file start27.txt (compact mmCIF, N, CA and C atoms)
# COMPACT_ATOMS: atom_id res chain seq x y z
N MET A 15 237.03 148.82 89.12
CA MET A 15 237.00 147.93 87.98
C MET A 15 236.04 146.76 88.21
N GLN A 16 235.99 146.27 89.46
CA GLN A 16 235.09 145.17 89.77
C GLN A 16 233.63 145.59 89.55
N LEU A 17 233.31 146.83 89.91
CA LEU A 17 231.96 147.34 89.71
C LEU A 17 231.60 147.38 88.22
N CYS A 18 232.55 147.78 87.39
CA CYS A 18 232.32 147.81 85.94
C CYS A 18 232.08 146.40 85.40
N MET A 19 232.85 145.45 85.86
CA MET A 19 232.69 144.07 85.39
C MET A 19 231.37 143.47 85.88
N GLU A 20 230.93 143.91 87.05
CA GLU A 20 229.68 143.40 87.60
C GLU A 20 228.48 143.91 86.80
N TRP A 21 228.57 145.16 86.33
CA TRP A 21 227.44 145.76 85.61
C TRP A 21 227.56 145.66 84.09
N ALA A 22 228.67 145.19 83.56
CA ALA A 22 228.84 145.07 82.11
C ALA A 22 227.79 144.18 81.45
N PRO A 23 227.46 143.01 82.02
CA PRO A 23 226.41 142.20 81.39
C PRO A 23 225.06 142.91 81.33
N VAL A 24 224.75 143.71 82.34
CA VAL A 24 223.49 144.45 82.35
C VAL A 24 223.46 145.43 81.18
N ASN A 25 224.57 146.09 80.91
CA ASN A 25 224.62 147.04 79.80
C ASN A 25 224.50 146.35 78.45
N VAL A 26 225.12 145.20 78.31
CA VAL A 26 225.02 144.44 77.06
C VAL A 26 223.58 143.98 76.84
N ILE A 27 222.96 143.49 77.90
CA ILE A 27 221.56 143.06 77.80
C ILE A 27 220.66 144.24 77.46
N PHE A 28 220.94 145.40 78.04
CA PHE A 28 220.15 146.60 77.76
C PHE A 28 220.23 146.98 76.28
N VAL A 29 221.41 146.92 75.72
CA VAL A 29 221.57 147.22 74.29
C VAL A 29 220.78 146.22 73.45
N GLY A 30 220.84 144.94 73.81
CA GLY A 30 220.05 143.93 73.11
C GLY A 30 218.56 144.19 73.23
N MET A 31 218.14 144.67 74.38
CA MET A 31 216.73 144.98 74.60
C MET A 31 216.28 146.13 73.69
N ILE A 32 217.06 147.18 73.62
CA ILE A 32 216.72 148.32 72.77
C ILE A 32 216.78 147.93 71.30
N TRP A 33 217.82 147.20 70.92
CA TRP A 33 218.02 146.79 69.53
C TRP A 33 216.86 145.92 69.04
N SER A 34 216.49 144.91 69.82
CA SER A 34 215.40 144.03 69.41
C SER A 34 214.05 144.76 69.41
N SER A 35 213.90 145.73 70.27
CA SER A 35 212.66 146.51 70.30
C SER A 35 212.50 147.34 69.03
N PHE A 36 213.58 147.91 68.54
CA PHE A 36 213.52 148.68 67.28
C PHE A 36 213.06 147.80 66.12
N PHE A 37 213.62 146.61 66.03
CA PHE A 37 213.24 145.71 64.93
C PHE A 37 211.82 145.19 65.08
N ALA A 38 211.40 144.92 66.32
CA ALA A 38 210.02 144.47 66.54
C ALA A 38 209.04 145.56 66.14
N LEU A 39 209.37 146.80 66.48
CA LEU A 39 208.49 147.92 66.15
C LEU A 39 208.41 148.17 64.65
N LYS A 40 209.42 147.73 63.94
CA LYS A 40 209.41 147.87 62.49
C LYS A 40 208.30 147.03 61.86
N TYR A 41 207.98 145.88 62.49
CA TYR A 41 207.02 144.94 61.91
C TYR A 41 205.68 144.88 62.63
N LEU A 42 205.63 145.31 63.89
CA LEU A 42 204.41 145.20 64.69
C LEU A 42 203.85 146.57 65.02
N SER A 43 202.56 146.61 65.28
CA SER A 43 201.94 147.86 65.72
C SER A 43 202.31 148.11 67.18
N VAL A 44 202.17 149.36 67.60
CA VAL A 44 202.50 149.71 68.98
C VAL A 44 201.58 148.96 69.95
N ALA A 45 200.31 148.83 69.58
CA ALA A 45 199.36 148.12 70.45
C ALA A 45 199.77 146.66 70.63
N MET A 46 200.13 146.01 69.55
CA MET A 46 200.54 144.60 69.64
C MET A 46 201.84 144.47 70.40
N LEU A 47 202.75 145.39 70.19
CA LEU A 47 204.02 145.39 70.91
C LEU A 47 203.79 145.51 72.41
N THR A 48 202.86 146.36 72.80
CA THR A 48 202.55 146.56 74.21
C THR A 48 201.94 145.31 74.83
N VAL A 49 201.01 144.69 74.13
CA VAL A 49 200.38 143.47 74.64
C VAL A 49 201.42 142.37 74.82
N LEU A 50 202.28 142.19 73.84
CA LEU A 50 203.30 141.15 73.93
C LEU A 50 204.36 141.48 74.98
N LYS A 51 204.67 142.75 75.14
CA LYS A 51 205.66 143.18 76.13
C LYS A 51 205.20 142.84 77.54
N ASN A 52 203.88 142.89 77.76
CA ASN A 52 203.35 142.55 79.09
C ASN A 52 203.61 141.10 79.46
N SER A 53 203.76 140.25 78.48
CA SER A 53 204.03 138.84 78.77
C SER A 53 205.44 138.63 79.34
N THR A 54 206.26 139.64 79.28
CA THR A 54 207.60 139.57 79.87
C THR A 54 207.52 139.34 81.38
N ASN A 55 206.43 139.79 81.99
CA ASN A 55 206.28 139.61 83.44
C ASN A 55 206.37 138.14 83.83
N LEU A 56 205.85 137.25 83.00
CA LEU A 56 205.94 135.82 83.29
C LEU A 56 207.41 135.39 83.33
N LEU A 57 208.19 135.85 82.38
CA LEU A 57 209.61 135.49 82.35
C LEU A 57 210.36 136.05 83.56
N VAL A 58 209.99 137.24 84.00
CA VAL A 58 210.63 137.84 85.17
C VAL A 58 210.31 137.02 86.43
N VAL A 59 209.06 136.61 86.57
CA VAL A 59 208.67 135.80 87.74
C VAL A 59 209.41 134.46 87.72
N VAL A 60 209.49 133.84 86.57
CA VAL A 60 210.23 132.57 86.46
C VAL A 60 211.72 132.81 86.77
N GLY A 61 212.27 133.91 86.30
CA GLY A 61 213.66 134.25 86.60
C GLY A 61 213.89 134.46 88.09
N ASP A 62 212.92 135.09 88.75
CA ASP A 62 213.03 135.27 90.21
C ASP A 62 213.01 133.92 90.93
N ILE A 63 212.20 133.01 90.43
CA ILE A 63 212.13 131.68 91.06
C ILE A 63 213.45 130.94 90.87
N VAL A 64 213.97 130.98 89.65
CA VAL A 64 215.20 130.24 89.34
C VAL A 64 216.41 130.86 90.03
N CYS A 65 216.54 132.16 89.97
CA CYS A 65 217.75 132.82 90.48
C CYS A 65 217.72 133.12 91.97
N PHE A 66 216.54 133.47 92.49
CA PHE A 66 216.46 133.94 93.88
C PHE A 66 215.57 133.07 94.77
N GLN A 67 215.01 131.99 94.22
CA GLN A 67 214.09 131.11 94.95
C GLN A 67 212.95 131.91 95.61
N ARG A 68 212.49 132.89 94.90
CA ARG A 68 211.41 133.75 95.40
C ARG A 68 210.09 133.27 94.83
N ARG A 69 209.18 132.86 95.68
CA ARG A 69 207.88 132.34 95.27
C ARG A 69 206.85 133.45 95.23
N GLN A 70 205.86 133.28 94.36
CA GLN A 70 204.80 134.27 94.20
C GLN A 70 203.48 133.67 94.68
N PRO A 71 202.58 134.52 95.20
CA PRO A 71 201.27 134.01 95.63
C PRO A 71 200.41 133.59 94.44
N ALA A 72 199.36 132.85 94.72
CA ALA A 72 198.50 132.31 93.67
C ALA A 72 197.87 133.40 92.82
N MET A 73 197.52 134.52 93.40
CA MET A 73 196.88 135.59 92.63
C MET A 73 197.83 136.19 91.59
N VAL A 74 199.10 136.17 91.87
CA VAL A 74 200.07 136.63 90.87
C VAL A 74 200.03 135.71 89.66
N TRP A 75 199.95 134.41 89.90
CA TRP A 75 199.89 133.45 88.80
C TRP A 75 198.59 133.59 88.01
N VAL A 76 197.50 133.91 88.69
CA VAL A 76 196.23 134.15 87.99
C VAL A 76 196.37 135.37 87.08
N CYS A 77 196.96 136.43 87.59
CA CYS A 77 197.16 137.64 86.77
C CYS A 77 198.08 137.36 85.59
N LEU A 78 199.13 136.60 85.82
CA LEU A 78 200.04 136.24 84.73
C LEU A 78 199.34 135.41 83.66
N PHE A 79 198.46 134.50 84.10
CA PHE A 79 197.69 133.71 83.15
C PHE A 79 196.80 134.62 82.30
N LEU A 80 196.18 135.61 82.92
CA LEU A 80 195.33 136.54 82.16
C LEU A 80 196.15 137.39 81.19
N ILE A 81 197.35 137.76 81.59
CA ILE A 81 198.23 138.52 80.70
C ILE A 81 198.61 137.68 79.48
N ILE A 82 198.98 136.43 79.72
CA ILE A 82 199.33 135.54 78.61
C ILE A 82 198.12 135.28 77.72
N LEU A 83 196.96 135.10 78.32
CA LEU A 83 195.74 134.91 77.56
C LEU A 83 195.45 136.11 76.67
N SER A 84 195.66 137.31 77.19
CA SER A 84 195.43 138.52 76.38
C SER A 84 196.44 138.61 75.25
N ALA A 85 197.69 138.18 75.49
CA ALA A 85 198.69 138.20 74.42
C ALA A 85 198.34 137.21 73.32
N VAL A 86 197.85 136.03 73.72
CA VAL A 86 197.46 135.03 72.72
C VAL A 86 196.25 135.52 71.92
N CYS A 87 195.27 136.09 72.61
CA CYS A 87 194.09 136.62 71.91
C CYS A 87 194.46 137.78 70.99
N GLY A 88 195.35 138.63 71.45
CA GLY A 88 195.80 139.74 70.61
C GLY A 88 196.54 139.25 69.39
N ALA A 89 197.39 138.26 69.57
CA ALA A 89 198.14 137.72 68.43
C ALA A 89 197.21 137.01 67.45
N ALA A 90 196.18 136.35 67.97
CA ALA A 90 195.25 135.62 67.10
C ALA A 90 194.41 136.56 66.24
N THR A 91 194.20 137.78 66.73
CA THR A 91 193.37 138.73 65.99
C THR A 91 194.20 139.82 65.31
N ASP A 92 195.50 139.62 65.27
CA ASP A 92 196.37 140.62 64.64
C ASP A 92 196.20 140.58 63.12
N LEU A 93 195.70 141.66 62.57
CA LEU A 93 195.44 141.71 61.13
C LEU A 93 196.71 141.86 60.31
N SER A 94 197.72 142.43 60.90
CA SER A 94 198.98 142.64 60.17
C SER A 94 200.06 141.69 60.69
N PHE A 95 199.72 140.42 60.81
CA PHE A 95 200.65 139.43 61.35
C PHE A 95 201.92 139.38 60.53
N HIS A 96 203.04 139.43 61.22
CA HIS A 96 204.34 139.32 60.57
C HIS A 96 205.24 138.49 61.48
N ALA A 97 205.60 137.30 61.02
CA ALA A 97 206.36 136.36 61.85
C ALA A 97 207.69 136.94 62.31
N GLN A 98 208.32 137.71 61.46
CA GLN A 98 209.61 138.30 61.84
C GLN A 98 209.43 139.29 63.00
N GLY A 99 208.34 140.04 62.98
CA GLY A 99 208.06 140.97 64.08
C GLY A 99 207.84 140.25 65.39
N TYR A 100 207.11 139.12 65.33
CA TYR A 100 206.90 138.33 66.54
C TYR A 100 208.20 137.71 67.04
N ALA A 101 209.06 137.29 66.14
CA ALA A 101 210.35 136.73 66.55
C ALA A 101 211.19 137.78 67.26
N TRP A 102 211.22 138.99 66.70
CA TRP A 102 211.97 140.07 67.34
C TRP A 102 211.37 140.41 68.70
N GLN A 103 210.05 140.39 68.80
CA GLN A 103 209.42 140.74 70.07
C GLN A 103 209.65 139.66 71.12
N ILE A 104 209.66 138.40 70.72
CA ILE A 104 209.97 137.33 71.68
C ILE A 104 211.40 137.48 72.17
N LEU A 105 212.32 137.79 71.27
CA LEU A 105 213.71 138.04 71.67
C LEU A 105 213.77 139.24 72.61
N ASN A 106 212.99 140.27 72.32
CA ASN A 106 212.94 141.45 73.18
C ASN A 106 212.41 141.09 74.57
N CYS A 107 211.41 140.23 74.64
CA CYS A 107 210.88 139.81 75.93
C CYS A 107 211.94 139.10 76.76
N PHE A 108 212.74 138.25 76.11
CA PHE A 108 213.81 137.57 76.83
C PHE A 108 214.89 138.54 77.29
N PHE A 109 215.26 139.49 76.43
CA PHE A 109 216.24 140.50 76.84
C PHE A 109 215.71 141.34 78.00
N THR A 110 214.44 141.74 77.94
CA THR A 110 213.86 142.57 78.98
C THR A 110 213.81 141.82 80.31
N ALA A 111 213.40 140.55 80.27
CA ALA A 111 213.36 139.76 81.50
C ALA A 111 214.77 139.55 82.05
N ALA A 112 215.72 139.26 81.16
CA ALA A 112 217.11 139.08 81.60
C ALA A 112 217.65 140.36 82.22
N TYR A 113 217.30 141.50 81.63
CA TYR A 113 217.73 142.79 82.18
C TYR A 113 217.17 142.99 83.58
N SER A 114 215.90 142.70 83.74
CA SER A 114 215.25 142.89 85.04
C SER A 114 215.84 141.97 86.10
N VAL A 115 216.00 140.72 85.76
CA VAL A 115 216.53 139.75 86.74
C VAL A 115 218.01 140.01 87.00
N ARG A 116 218.79 140.25 85.95
CA ARG A 116 220.24 140.45 86.13
C ARG A 116 220.56 141.75 86.86
N SER A 117 219.76 142.78 86.64
CA SER A 117 220.04 144.04 87.35
C SER A 117 219.69 143.92 88.83
N ALA A 118 218.92 142.91 89.21
CA ALA A 118 218.62 142.69 90.62
C ALA A 118 219.72 141.92 91.34
N PHE A 119 220.59 141.24 90.60
CA PHE A 119 221.65 140.44 91.23
C PHE A 119 222.53 141.23 92.19
N PRO A 120 223.12 142.35 91.79
CA PRO A 120 223.98 143.06 92.73
C PRO A 120 223.23 143.51 93.98
N HIS A 121 221.96 143.84 93.84
CA HIS A 121 221.18 144.31 94.97
C HIS A 121 220.78 143.17 95.89
N ARG A 122 220.62 141.99 95.33
CA ARG A 122 220.29 140.82 96.14
C ARG A 122 221.52 140.33 96.92
N LEU A 123 222.70 140.60 96.39
CA LEU A 123 223.91 140.08 97.00
C LEU A 123 224.55 141.06 97.98
N THR A 124 224.02 142.28 98.05
CA THR A 124 224.59 143.28 98.96
C THR A 124 223.65 143.56 100.10
N ASP A 125 224.15 144.31 101.06
CA ASP A 125 223.33 144.73 102.19
C ASP A 125 222.23 145.66 101.70
N ILE A 126 221.05 145.56 102.28
CA ILE A 126 219.91 146.37 101.84
C ILE A 126 220.17 147.86 102.01
N SER A 127 221.05 148.27 102.91
CA SER A 127 221.33 149.68 103.12
C SER A 127 222.05 150.31 101.93
N SER A 128 222.69 149.48 101.10
CA SER A 128 223.41 150.03 99.96
C SER A 128 222.53 150.12 98.72
N VAL A 129 221.27 149.73 98.82
CA VAL A 129 220.37 149.74 97.67
C VAL A 129 219.68 151.09 97.58
N SER A 130 219.64 151.63 96.39
CA SER A 130 218.98 152.91 96.22
C SER A 130 217.47 152.74 96.34
N PRO A 131 216.73 153.77 96.70
CA PRO A 131 215.28 153.66 96.88
C PRO A 131 214.54 153.18 95.64
N SER A 132 215.07 153.44 94.45
CA SER A 132 214.37 153.02 93.24
C SER A 132 214.38 151.51 93.07
N HIS A 133 215.27 150.82 93.75
CA HIS A 133 215.35 149.36 93.62
C HIS A 133 214.75 148.64 94.82
N LEU A 134 214.23 149.36 95.80
CA LEU A 134 213.70 148.69 96.99
C LEU A 134 212.47 147.86 96.67
N SER A 135 211.75 148.21 95.64
CA SER A 135 210.56 147.43 95.29
C SER A 135 210.93 146.04 94.80
N ARG A 136 212.15 145.85 94.30
CA ARG A 136 212.60 144.54 93.81
C ARG A 136 213.24 143.72 94.93
N ALA A 137 213.45 144.33 96.09
CA ALA A 137 214.14 143.63 97.18
C ALA A 137 213.25 142.59 97.83
call {"tool": "encode", "arguments": {"input": "start27.txt", "output": "structure tokens"}}
result
Amino acid sequence: MQLCMEWAPVNVIFVGMIWSSFFALKYLSVAMLTVLKNSTNLLVVVGDIVCFQRRQPAMVWVCLFLIILSAVCGAATDLSFHAQGYAWQILNCFFTAAYSVRSAFPHRLTDISSVSPSHLSRA
């Protein structure tokens, strides 16, 4: 039961991530959705800093700056701009980052031997 309670927030966040993605896709093109989705990496890095005190090298920050710059440029040239689509996509970015950071919590709090190989890259 404790395992279910530990992973329940991850499942709720996952549903929010899928739900907001459907609505964002209703208003935005797939290309714009992809560009904006890449900006989620910034939120994940900030979440790692806040939750795990994990620092990133300077080159990671340079790459994140370029990703954000590409999202801003893409949004500025979006011919089919729809504010509701951007709102849903921003919500989706927060859900996706929360999912990524929250799903790492159990693995950060346990012994590394209990982590499956698919999660070792987040360790």
call {"tool": "atom_distance", "arguments": {"input": "start27.txt", "atom1": "atom C of Tyr100 in chain A", "atom2": "CA of Cys77 in chain A"}}
result
22.6 Å
call {"tool": "closest_atom_pairs", "arguments": {"input": "start27.txt", "of": "range 78-118 of chain A", "to": "range 24-28 of chain A", "cutoff": "10 Å", "atoms": "only C-alpha atoms", "output": "CSV"}}
result
residue,atom,partner,partner_atom,distance
A:Asn106,CA,A:Ile27,CA,9.9
A:Phe108,CA,A:Ile27,CA,9.5
A:Phe109,CA,A:Ile27,CA,6.0
A:Thr110,CA,A:Phe28,CA,7.6
A:Ala111,CA,A:Ile27,CA,9.6
A:Ala112,CA,A:Ile27,CA,7.1
A:Tyr113,CA,A:Ile27,CA,5.8
A:Ser114,CA,A:Val24,CA,8.8
A:Val115,CA,A:Val24,CA,9.5
A:Arg116,CA,A:Val24,CA,6.4
A:Ser117,CA,A:Val24,CA,6.1
A:Ala118,CA,A:Val24,CA,9.8
call {"tool": "closest_residue", "arguments": {"input": "start27.txt", "among": "A:Leu80, A:Cys65, A:Leu93, A:Val86", "to": "Phe119 in chain A", "atoms": "only C-alpha atoms"}}
result
A:Cys65
call {"tool": "select_by_dssp", "arguments": {"input": "start27.txt", "residues": "chain A", "states": "helix (DSSP H, G or I)", "output": "NGL selection string"}}
result
:A and (16-41 or 44-52 or 54-66 or 72-90 or 97-123 or 126-128 or 131-136)
call {"tool": "closest_residue", "arguments": {"input": "start27.txt", "among": "A:Trp102, A:Ile63, A:Cys87, A:Thr48", "to": "Phe36 in chain A", "atoms": "all atoms listed in the file"}}
result
A:Trp102
call {"tool": "atom_distance", "arguments": {"input": "start27.txt", "atom1": "CA of Asp62 in chain A", "atom2": "CA of Trp21 in chain A"}}
result
18.4 Å
call {"tool": "atom_distance", "arguments": {"input": "start27.txt", "atom1": "atom N of Leu50 in chain A", "atom2": "CA of Ala85 in chain A"}}
result
5.4 Å
call {"tool": "residues_around", "arguments": {"input": "start27.txt", "residues": "Ala38 in chain A", "least_positions_apart": "4", "cutoff": "6 Å", "atoms": "only N, CA and C atoms", "output": "JSON, numbers by chain"}}
result
{"A": [34, 42, 99, 102, 103]}
call {"tool": "axis_aligned_box", "arguments": {"input": "start27.txt", "around": "range 70-85 of chain A", "padding_each_side": "4 Å", "output": "AutoDock Vina command-line options"}}
result
--center_x 200.6 --center_y 135.5 --center_z 84.5 --size_x 18.5 --size_y 14.3 --size_z 30.3
call {"tool": "residues_around", "arguments": {"input": "start27.txt", "residues": "Trp75 in chain A", "least_positions_apart": "5", "cutoff": "10 Å", "atoms": "only C-alpha atoms", "output": "list of chain:residue names"}}
result
A:Leu56, A:Val59, A:Gln70, A:Leu80, A:Ile81
